[in-house]
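Novice: Structure in structure tokens, see below.
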Amino acid sequence: MSTLASHGSHSLNSTTTTRADGWAKLPVEYAIPDKAPSLEEAQAYCERLARRHYENFSVATWFLPKRLRPHFYSVYAYCRISDDLGDEVGDPQQALALLDDWERELDATYLSLGGVEQGFSPAVAADKKARALAPEVRGPRHPVFIALRETIRACDIPQHEFSDLLKAFRQDQTVHRYETFDDVLGYCRYSANPVGHLVLYVCGYRDAERQQLSDYTCTALQLANFWQDVSVDWQKGRIYLPLEDMRRFGVGEREIAERRPTPEFLRLMKFEVERAREWFERGLPLAGRVDRELATDIELFSRGGQEILSAIERLGFDVLRQRPAISTPRKLLLVVRAGMNRMIG
């Protein structure tokens with residue numbers, strides 16, 4: 001009996017150490033505090049995070065009604081930290097432990113609002129005492145969730161839109177190759193599409209038709225990012241190019257590892273860029289089915305994603321020796337176009 005108790009204590013200490021080591025690798029302000037901040041402090045935290053980490057975010061919010069900006073900041077802060085928990089720790093076990101901590105905060109948020117839409121998450125369900133303790137849950141402590149709780153309440157957002165994102169970040173810890181394009185789309189279903197749904201909820205749209213159009217655009221943006229970051233992802237041990245496509249064009253992992261853009265690799269990238277453009281085209285009708293402010297944002301981000309694809313083309317599809325990027329003048333041109341379209345639309 002003492003042996004079992006000792007083993008359980010060792011396992012608990014090991015898990016605690018794993019979490020502590022993981023949080024230590026991230027910015028100090030990411031940590032879950034012992035005491036929850038005020039709503040005003042939490043909203044200021046989210047705005048600072050959004051403006052500091054996302055260079056285009058402050059530009060995009062020029063076109064949004066002021067009343068919606070705090071909601072966009074809280075949603076962005078949630079997505080930003082979620083992504084970093086999965087991508088910036090560098091150790092799969094630590095990342096998974098931190099994502100569990102993060103989802104517990106999400107569960108506490110919904111419990112504090114009166115319940116969890118679809119029951120407890122796996123992270124909470126794994127705790128045998130979770131259901132017994134549920135009535136005593138007082139709410140989250142992290143500033144992101146203090147701010148996000150107001151967004152969830154005001155916009156009536158289902159919990160799965162937030163938890164779906166965490167599925168993708170968990171998947172990144174264990175799945176590093178994708179056999180088919182459908183497999184890649186399955187990943188985008190969780191890594192990208194929920195973000196579009198969240199934006200629609202914040203702006204008052206919750207119908208399936210608009211969500212489907214948003215999925216096309218968000219998937220296209222994710223694909224553009226994948227094709228832009230082939231070498232970056234390789235350094236993290238990941239390849240998002242479908243393996244079946246690589247075989248079809250005669251491309252092996254060795255070319256990526258050696259940053260050697262063979263004619264076969266360039267043809268593969270041309271094919272994938274054209275495929276991503278098709279997904280952008282499918283999502284274009286969304287801008288005509290929302291109000292002008294959101295339409296401007298959709299146009300801005302859609303044009304930005306397509307500009308990444310154009311940058312890949314300008315490099316002759318060689319994304320191995322140089323990461324395609326959008327120049328500052330081109331970014332400004334995108335913003336000017338979006339603003340002009342809003343004024344004359």
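In the structure tokens, chains take the letters A, B, ... in the order shown, each chain's residues start at 1, and ligands count up from 1 in the order shown.
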For stretch 143-159 of chain A, please output as an MDAnalysis selection string all residues within 10 Å (counting only C-alpha atoms; exclusion window: fewer than 3 positions along the same chain).

Specialist: chainID A and resid 29:33 35:46 49 68 70:79 81 102 105:110 112:113 116:119 121 139:140 162:164 197:198 200:206

Novice: Considering only alpha helix (DSSP H) as DSSP defines it on the backbone, what residues of stretch 170-262 of chain A qualify? List them as a ChimeraX atom specification.

Specialist: /A:170-174,181-191,193-202,208-228,230-235,243-249,253-257

Novice: Using only C-alpha atoms, which residue out of A:Asp233, A:Arg314, A:Leu268, A:Leu213 lies closest to A:Ile298?

Specialist: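 Among the listed residues, the smallest separation from A:Ile298 belongs to A:Leu213.
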
Novice: I'd like the interatomic distance between atom CA of A:Glu253 and atom CA of A:Arg177, to a tenth of an Å.

Specialist: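 According to the coordinates, atom CA of A:Glu253 and atom CA of A:Arg177 are separated by 10.8 Å.
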